[in-house]
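*Asks:* Submitted below is the structure of interest, expressed as structure tokens.
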2 protein chains.
Amino acid sequence: MSNSSFKIISKNKHSKARAGVINTPHGDIETPIFVPVGTQATVKAVPPRDLREMGTEVVLANTYHLHLRPGEELIKKMGGLSKFMSWNGPTMTDSGGFQVFSLGVGKEGGGVKFLREDALSIKYKASSANEPRPRLNKITEEGVTFQSHIDGSTHKITPESSIEIQEKIGADLIVAFDDLESPKYDYEKTKESLDLTNRWELRSKKTHKNKSQLLYGVTHGGQFKDLRENSAKFVDENFDAIALGGAHLSKKNLYDVVDRTTDIVSEGKPRHLLGIGEVDDIFEGVGRGIDTFDCVIPTRIARTGFFFISPPLGNMKNRFRTDIDKTMYTNDSKPLDPNCNCYTCRNFTRAYIHHLFRARELLSYSLLSVHNVYFLVNLTKEIRKSILDDSFSKTKKKWLGV
Amino acid sequence: MSNSSFKIISKNKHSKARAGVINTPHGDIETPIFVPVGTQATVKAVPPRDLREMGTEVVLANTYHLHLRPGEELIKKMGGLSKFMSWNGPTMTDSGGFQVFSLGVGKEGGGVKFLREDALSIKYKASSANEPRPRLNKITEEGVTFQSHIDGSTHKITPESSIEIQEKIGADLIVAFDDLESPKYDYEKTKESLDLTNRWELRSKKTHKNKSQLLYGVTHGGQFKDLRENSAKFVDENFDAIALGGAHLSKKNLYDVVDRTTDIVSEGKPRHLLGIGEVDDIFEGVGRGIDTFDCVIPTRIARTGFFFISPPLGNMKNRFRTDIDKTMYTNDSKPLDPNCNCYTCRNFTRAYIHHLFRARELLSYSLLSVHNVYFLVNLTKEIRKSILDDSFSKTKKKWLGV
């Protein structure tokens, strides 16, 4: 058992939503909560002071990126991830698998979310537009060999090394090393991938020594009901925390998988939905028993000028967002989102941020990122409150219209 | 007379240094003080919250840039520059002349400071590396016609329009429209330019109606002693505030010009040294009676990785700066400047900022900019304190070694 623990505080009567707390050595994490992604030990363009001020509970960083730069030895020497980035609160790392060999795609634009394209026809979405994609060399029983996206040097990550790297990085919540199936895989190939994942996860578990870190097992199985069920059972049997991963063909498929998985796994274990963070996905996920979500969406769209808006301006049709570059914002003295209480919305007009964005001023990316991260963090805080006072369905209806 | 007023609080016994206060409608400005430059209504990568926290007294924005984008009408509609950028403290604008037709060069690297290259062989240093330079069309008695660096559209600025634009932008301290001599000009050409400046400054003064704005006249005259003296007398006779401008051949020439000018102009008027901001220039300027300085150096060098360091690390030889990109900082757990108390130095290590900078993370530019601006603002605050407790010479010696 880990030193971290999870406790359910309140359960919703009309859904599987629950409010809880994950205790970690760096502090408590109140759930449900959106987890901002700080790929390279920084939530892009958002100083840690702002993360604290907006009520962020936990930050996720990417093991793949940190392993290559600046390296886990340096982070360990500097007191671990949380101290290194001067966040000083709870942190999470993924296993590195997602970036290393799936080079998966989180399609922001559409309703369909592929967490992995076929390994041979990869459409990589790098963390910045200019970042070259890593090249995959080889997947074997032992692990994955790949070339760095930074300098082309060859690296290998195995279940053992993933855990060792994550121990040195020192996050409170870590993830077992897994293989990612493509949504294009047939049953046989998906099962092969899942079997490899299971063997890798057991090796991850065996390597995991530092019990101040809570190790999440990851579920897979693609679009196949029995594989998904077997995976959920396997992870629940072997791990104290459940991460939901793998490929989904559609939002409906994603929600079905979440529903089936949370029916199977133990109620008392925390559940993390990897790489998901649209407003509707968060409501649907929470309603099906998810506790935490991570996604790069808020900071990534901020750097292209998009910002989140709440109802009634924001809705399912505009996907709760609009574009500060629009000419209509040129002389708009309102804040980005009139309902928002973030630093950006308390202090700046759309007109000013439109000007900064057009002038390509760095402050525009920062102000938009602060707003977008605040928006999702506080959406999940509002959801938590609605679970505690039994108004979850009402809150969901207010946001999604259904 | 303007509604703004200047009062000398204390005078140094061994130099012409003085500590004072400029009262403005947006608050008091304690001098001597370094004025951070926010070219496009933002001090690049520094949120106004940080400006306040670090003790910034006044921010300077560029009339040329704001006129072209977003335009003075919008800024006026949004409540004026200070409110538009959510700074809410005192602000200053230049006349636009410097950018419009001199496209002057503030050479950062060397001891020689050219404020203007020959108009026909201009080496423009834009506010960002990618910014195309404006093209000069014509200088006539009426004013200057030029093409926008943004879209090539043709614009004209005259002394009258410069003041009208500055009135709409609404800064507390504004500057008369002037012609900039080249340091390559001979006596006749320099005199011709100065005569034009004088006529333009008188027209600026005549247009200036809003007495809540303090109008600075600008001295010129290049390297020629009698022209400089005549210019100082002219500006002192006609204006309540003195800005020192024009071309300088060397630091020695600059200091001589400052010395002669402050000997001539009335003691009770505030004196601003345009575009100057090296550590030694600030000490030498204050010692010769300068009250305020503006310069883009702290934010510009920050975006290329350079940061200021104080003695004993910083000295005249390394020009009080070093480069975060250096490999020696990879695992350095010290703050940027061990003597600094800025947000960056209180919270982050060189190792972390080195990592961010190598990874091209936006936060690196922000953290370095915050430190560099804080550094010069607080250097001038330390200098002010040393004038008040009569330790200016000692402080100067601590920093410059002489």
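Every chain in the structure tokens has a letter given in the order shown (A, B, ...), and although residue numbers restart at 1 in each chain, ligands are simply numbered from 1 in the order shown.
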Might you pull out every residue within 8 Å of Ile169 (chain B), with only C-alpha atoms counted and same-chain residues fewer than 2 positions away left off, and present them as a ChimeraX atom specification?
*Replies:* /B:72-73,75-76,80-81,165-167,171
*Asks:* Which residues are near Asn88 (chain B)? Cut-off 10 Å, only C-alpha atoms, ignore same chain within fewer than 3 positions. Put them as an MDAnalysis selection string.
*Replies:* chainID B and resid 26:27 48 52 58 80:85 91
*Asks:* Keeping only N, CA and C atoms, write those residues as an mmCIF file, in the first residue's frame.
*Replies:*
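Dumped to out_25.cif:
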```cif
data_model
loop_
_atom_site.group_PDB
_atom_site.id
_atom_site.type_symbol
_atom_site.label_atom_id
_atom_site.label_comp_id
_atom_site.auth_asym_id
_atom_site.auth_seq_id
_atom_site.Cartn_x
_atom_site.Cartn_y
_atom_site.Cartn_z
ATOM 1 N N HIS B 26 -1.941 60.095 -11.564
ATOM 2 C CA HIS B 26 -2.000 58.657 -11.272
ATOM 3 C C HIS B 26 -1.116 58.261 -10.101
ATOM 4 N N GLY B 27 -0.609 59.235 -9.361
ATOM 5 C CA GLY B 27 0.216 58.902 -8.201
ATOM 6 C C GLY B 27 1.582 59.556 -8.258
ATOM 7 N N PRO B 48 1.369 43.457 -15.178
ATOM 8 C CA PRO B 48 1.377 44.678 -14.366
ATOM 9 C C PRO B 48 1.407 44.401 -12.866
ATOM 10 N N ARG B 52 3.933 46.290 -10.194
ATOM 11 C CA ARG B 52 3.559 46.918 -8.917
ATOM 12 C C ARG B 52 4.350 46.306 -7.768
ATOM 13 N N VAL B 58 6.714 54.229 -12.615
ATOM 14 C CA VAL B 58 6.132 54.771 -13.839
ATOM 15 C C VAL B 58 6.576 53.907 -15.015
ATOM 16 N N GLY B 80 -7.782 55.382 -21.215
ATOM 17 C CA GLY B 80 -6.395 55.851 -21.208
ATOM 18 C C GLY B 80 -5.409 54.717 -20.992
ATOM 19 N N LEU B 81 -4.162 55.002 -21.320
ATOM 20 C CA LEU B 81 -3.099 53.994 -21.308
ATOM 21 C C LEU B 81 -3.002 53.225 -19.992
ATOM 22 N N SER B 82 -2.991 53.957 -18.886
ATOM 23 C CA SER B 82 -2.736 53.317 -17.590
ATOM 24 C C SER B 82 -3.816 52.293 -17.262
ATOM 25 N N LYS B 83 -5.069 52.655 -17.524
ATOM 26 C CA LYS B 83 -6.171 51.734 -17.264
ATOM 27 C C LYS B 83 -6.213 50.624 -18.321
ATOM 28 N N PHE B 84 -5.990 50.994 -19.589
ATOM 29 C CA PHE B 84 -6.026 50.035 -20.701
ATOM 30 C C PHE B 84 -5.110 48.850 -20.411
ATOM 31 N N MET B 85 -3.904 49.141 -19.933
ATOM 32 C CA MET B 85 -2.958 48.057 -19.685
ATOM 33 C C MET B 85 -3.048 47.533 -18.247
ATOM 34 N N THR B 91 2.146 56.948 -16.014
ATOM 35 C CA THR B 91 2.708 56.516 -17.295
ATOM 36 C C THR B 91 3.350 57.696 -18.019
#
```
*Asks:* Can you pull out the residues contacting Gly96 (chain A)? Cut-off 9 Å, using only C-alpha atoms, and skip same-chain residues under 5 positions away; I want them as a list of chain:residue names.
*Replies:*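 The residues that qualify are A:Asn62, A:Thr63, A:Tyr64, A:His65, A:His67, A:Phe101, A:Ile157, A:Ser162, A:Val175, A:Phe177, A:Asp178.
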*Asks:* Tell me as a PyMOL selection string which residues belonging to chain A come within 9 Å of chain B, counting only C-alpha atoms.
*Replies:* chain A and resi 40-47+69-70+74-75+77-78+84-86+330-333+347-349+351-352+355-356+358-359+361-367
*Asks:* What does the file look like for those residues with C-alpha atoms, as an mmCIF file, in the first residue's frame?
*Replies:*
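Okay, this is what ended up in again_31.cif:
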```cif
data_model
loop_
_atom_site.group_PDB
_atom_site.id
_atom_site.type_symbol
_atom_site.label_atom_id
_atom_site.label_comp_id
_atom_site.auth_asym_id
_atom_site.auth_seq_id
_atom_site.Cartn_x
_atom_site.Cartn_y
_atom_site.Cartn_z
ATOM 1 C CA GLN A 40 8.376 20.185 -19.282
ATOM 2 C CA ALA A 41 7.918 20.987 -15.565
ATOM 3 C CA THR A 42 6.020 24.175 -16.389
ATOM 4 C CA VAL A 43 2.365 24.705 -17.197
ATOM 5 C CA LYS A 44 3.116 26.647 -20.362
ATOM 6 C CA ALA A 45 3.116 30.425 -19.749
ATOM 7 C CA VAL A 46 1.542 30.090 -16.274
ATOM 8 C CA PRO A 47 3.742 30.923 -13.259
ATOM 9 C CA ARG A 69 15.518 17.244 -20.673
ATOM 10 C CA PRO A 70 16.647 18.168 -18.037
ATOM 11 C CA LEU A 74 18.946 16.772 -12.036
ATOM 12 C CA ILE A 75 15.329 16.966 -10.889
ATOM 13 C CA LYS A 77 19.142 16.665 -7.057
ATOM 14 C CA MET A 78 16.966 19.795 -7.055
ATOM 15 C CA PHE A 84 12.193 22.116 -8.941
ATOM 16 C CA MET A 85 9.325 23.950 -10.608
ATOM 17 C CA SER A 86 8.548 25.907 -7.418
ATOM 18 C CA THR A 330 -11.215 45.053 -30.887
ATOM 19 C CA ASN A 331 -13.125 47.502 -28.702
ATOM 20 C CA ASP A 332 -14.824 45.142 -26.276
ATOM 21 C CA SER A 333 -14.344 46.340 -22.712
ATOM 22 C CA ASN A 347 -7.942 42.895 -14.551
ATOM 23 C CA PHE A 348 -8.005 42.933 -18.345
ATOM 24 C CA THR A 349 -10.455 43.628 -21.168
ATOM 25 C CA ALA A 351 -9.868 44.769 -26.214
ATOM 26 C CA TYR A 352 -6.509 44.810 -24.435
ATOM 27 C CA HIS A 355 -4.389 44.076 -28.959
ATOM 28 C CA LEU A 356 -1.662 42.048 -27.225
ATOM 29 C CA ARG A 358 -2.447 40.856 -32.570
ATOM 30 C CA ALA A 359 0.867 42.436 -31.552
ATOM 31 C CA GLU A 361 3.045 40.103 -27.162
ATOM 32 C CA LEU A 362 4.095 37.291 -24.819
ATOM 33 C CA LEU A 363 1.719 38.580 -22.162
ATOM 34 C CA SER A 364 -1.254 37.576 -24.344
ATOM 35 C CA TYR A 365 -0.337 33.887 -24.196
ATOM 36 C CA SER A 366 0.138 34.121 -20.463
ATOM 37 C CA LEU A 367 -3.165 35.912 -19.786
#
```
*Asks:* Please provide the set of residues having any atom within 9 Å of Lys398 (chain A), restricted to only C-alpha atoms, with same-chain residues fewer than 4 positions apart removed, written as a VMD selection string.
*Replies:* chain A and resid 311 to 312 393 to 394 402
*Asks:* Please identify which residues in region 103-315 of chain B DSSP calls strand (DSSP E) from the backbone, and express them as a PyMOL selection string.
*Replies:* chain B and resi 135-139+144-147+154-157+173-175+214-219+241-244+271-273+292-295+306-308
*Asks:* Restricting the output to C-alpha atoms, write the selected residues as a PDB file, in the first residue's frame.
*Replies:*
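After the write, result-v1.pdb holds the following:
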```
ATOM      1  CA  ARG B 135      10.138  53.190 -43.893  1.00  0.00           C
ATOM      2  CA  LEU B 136      10.729  56.872 -43.870  1.00  0.00           C
ATOM      3  CA  ASN B 137       9.107  58.776 -46.676  1.00  0.00           C
ATOM      4  CA  LYS B 138       9.654  62.445 -46.072  1.00  0.00           C
ATOM      5  CA  ILE B 139      10.621  65.039 -43.480  1.00  0.00           C
ATOM      6  CA  VAL B 144       7.100  63.385 -41.014  1.00  0.00           C
ATOM      7  CA  THR B 145       5.471  61.014 -43.481  1.00  0.00           C
ATOM      8  CA  PHE B 146       6.293  57.343 -43.055  1.00  0.00           C
ATOM      9  CA  GLN B 147       5.088  53.868 -43.777  1.00  0.00           C
ATOM     10  CA  THR B 154       1.234  55.693 -45.058  1.00  0.00           C
ATOM     11  CA  HIS B 155       1.005  57.907 -41.980  1.00  0.00           C
ATOM     12  CA  LYS B 156       1.967  61.426 -41.097  1.00  0.00           C
ATOM     13  CA  ILE B 157       2.976  62.715 -37.691  1.00  0.00           C
ATOM     14  CA  LEU B 173       4.238  62.599 -18.705  1.00  0.00           C
ATOM     15  CA  ILE B 174       4.475  63.367 -22.423  1.00  0.00           C
ATOM     16  CA  VAL B 175       7.213  64.575 -24.755  1.00  0.00           C
ATOM     17  CA  LEU B 214       3.355  67.285 -17.952  1.00  0.00           C
ATOM     18  CA  LEU B 215       5.053  68.137 -21.268  1.00  0.00           C
ATOM     19  CA  TYR B 216       8.792  67.513 -21.529  1.00  0.00           C
ATOM     20  CA  GLY B 217      10.861  69.519 -24.003  1.00  0.00           C
ATOM     21  CA  VAL B 218      13.770  67.585 -25.525  1.00  0.00           C
ATOM     22  CA  THR B 219      17.360  68.829 -25.785  1.00  0.00           C
ATOM     23  CA  ALA B 241      10.286  69.430 -17.674  1.00  0.00           C
ATOM     24  CA  ILE B 242      13.520  68.529 -19.440  1.00  0.00           C
ATOM     25  CA  ALA B 243      14.172  65.419 -21.524  1.00  0.00           C
ATOM     26  CA  LEU B 244      17.728  64.873 -22.720  1.00  0.00           C
ATOM     27  CA  ARG B 271      15.055  65.712 -15.943  1.00  0.00           C
ATOM     28  CA  HIS B 272      14.606  62.572 -18.015  1.00  0.00           C
ATOM     29  CA  LEU B 273      17.440  60.866 -19.913  1.00  0.00           C
ATOM     30  CA  THR B 292      14.470  59.432 -14.566  1.00  0.00           C
ATOM     31  CA  PHE B 293      15.759  56.950 -17.170  1.00  0.00           C
ATOM     32  CA  ASP B 294      13.978  54.668 -19.631  1.00  0.00           C
ATOM     33  CA  CYS B 295      15.404  51.782 -21.610  1.00  0.00           C
ATOM     34  CA  PHE B 306      20.771  37.452 -20.275  1.00  0.00           C
ATOM     35  CA  PHE B 307      20.160  38.509 -16.706  1.00  0.00           C
ATOM     36  CA  PHE B 308      21.592  41.175 -14.440  1.00  0.00           C
TER      37      PHE B 308
END
```
*Asks:* Where in region 202-272 of chain A does DSSP assign helix (DSSP H, G or I), given as a PyMOL selection string?
*Replies:* chain A and resi 202-207+225-238+251-264
*Asks:* Would you put the residues from that selection into a file with C-alpha atoms, as a PDB file, in the first residue's frame?
*Replies:*
```
ATOM      1  CA  LEU A 202       3.235  -6.101 -13.423  1.00  0.00           C
ATOM      2  CA  ARG A 203       6.922  -5.372 -13.996  1.00  0.00           C
ATOM      3  CA  SER A 204       6.216  -1.711 -13.188  1.00  0.00           C
ATOM      4  CA  LYS A 205       4.541  -2.752  -9.960  1.00  0.00           C
ATOM      5  CA  LYS A 206       7.425  -5.029  -9.038  1.00  0.00           C
ATOM      6  CA  THR A 207       9.913  -2.185  -9.555  1.00  0.00           C
ATOM      7  CA  LYS A 225     -15.993  -4.844 -24.473  1.00  0.00           C
ATOM      8  CA  ASP A 226     -14.513  -8.048 -23.076  1.00  0.00           C
ATOM      9  CA  LEU A 227     -10.927  -6.781 -23.354  1.00  0.00           C
ATOM     10  CA  ARG A 228     -11.906  -3.575 -21.577  1.00  0.00           C
ATOM     11  CA  GLU A 229     -13.590  -5.607 -18.831  1.00  0.00           C
ATOM     12  CA  ASN A 230     -10.616  -7.930 -18.468  1.00  0.00           C
ATOM     13  CA  SER A 231      -8.298  -4.939 -18.322  1.00  0.00           C
ATOM     14  CA  ALA A 232     -10.380  -3.210 -15.642  1.00  0.00           C
ATOM     15  CA  LYS A 233     -10.358  -6.378 -13.549  1.00  0.00           C
ATOM     16  CA  PHE A 234      -6.623  -6.854 -14.020  1.00  0.00           C
ATOM     17  CA  VAL A 235      -5.743  -3.308 -13.020  1.00  0.00           C
ATOM     18  CA  ASP A 236      -8.111  -3.388 -10.042  1.00  0.00           C
ATOM     19  CA  GLU A 237      -6.588  -6.634  -8.814  1.00  0.00           C
ATOM     20  CA  ASN A 238      -3.052  -5.296  -9.006  1.00  0.00           C
ATOM     21  CA  LYS A 251     -17.147  10.236 -27.352  1.00  0.00           C
ATOM     22  CA  LYS A 252     -19.881   7.623 -26.972  1.00  0.00           C
ATOM     23  CA  ASN A 253     -17.276   4.854 -27.012  1.00  0.00           C
ATOM     24  CA  LEU A 254     -15.208   6.781 -24.435  1.00  0.00           C
ATOM     25  CA  TYR A 255     -18.194   7.251 -22.125  1.00  0.00           C
ATOM     26  CA  ASP A 256     -19.183   3.563 -22.473  1.00  0.00           C
ATOM     27  CA  VAL A 257     -15.661   2.461 -21.601  1.00  0.00           C
ATOM     28  CA  VAL A 258     -15.609   4.773 -18.567  1.00  0.00           C
ATOM     29  CA  ASP A 259     -19.007   3.470 -17.481  1.00  0.00           C
ATOM     30  CA  ARG A 260     -18.050  -0.198 -17.751  1.00  0.00           C
ATOM     31  CA  THR A 261     -14.656   0.336 -16.112  1.00  0.00           C
ATOM     32  CA  THR A 262     -15.990   2.191 -13.077  1.00  0.00           C
ATOM     33  CA  ASP A 263     -18.627  -0.528 -12.666  1.00  0.00           C
ATOM     34  CA  ILE A 264     -15.868  -3.085 -12.344  1.00  0.00           C
TER      35      ILE A 264
END
```
*Asks:* Please report the interatomic distance between CA of Leu313 (chain B) and CA of Lys385 (chain B) in Å with one decimal.
*Replies:* 22.3 Å
*Asks:* I need the residue nearest Lys381 (chain A) from this list: A:Thr395, A:Thr140, A:Asn315, A:Ser266. Use only C-alpha atoms for the distance.
*Replies:*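 Checking each of A:Thr395, A:Thr140, A:Asn315, A:Ser266 against Lys381 (chain A), counting only C-alpha atoms, the winner is A:Thr395.
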*Asks:* When you count only C-alpha atoms, which of these residues is closest to Ile309 (chain A): A:Cys345, A:Ile387, A:Leu194, A:Ala61?
*Replies:* A:Cys345
*Asks:* Please compute the CA of Ser182 (chain A)-CA of Arg321 (chain A) distance, one decimal, in Å.
*Replies:*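 Atom-to-atom, CA of Ser182 (chain A) and CA of Arg321 (chain A) are spaced 29.2 Å apart.
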*Asks:* Determine the nearest neighbour of Gly287 (chain A) from the options A:Arg303, A:Arg319, A:Lys396, A:His149, counting only C-alpha atoms.
*Replies:*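 Using only C-alpha atoms, Gly287 (chain A) sits closest to A:Lys396.
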*Asks:* What's the separation between CA of Glu142 (chain B) and CA of Gln213 (chain B), in Å to one decimal place?
*Replies:*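 Interatomic distance, CA of Glu142 (chain B) to CA of Gln213 (chain B): 23.8 Å.
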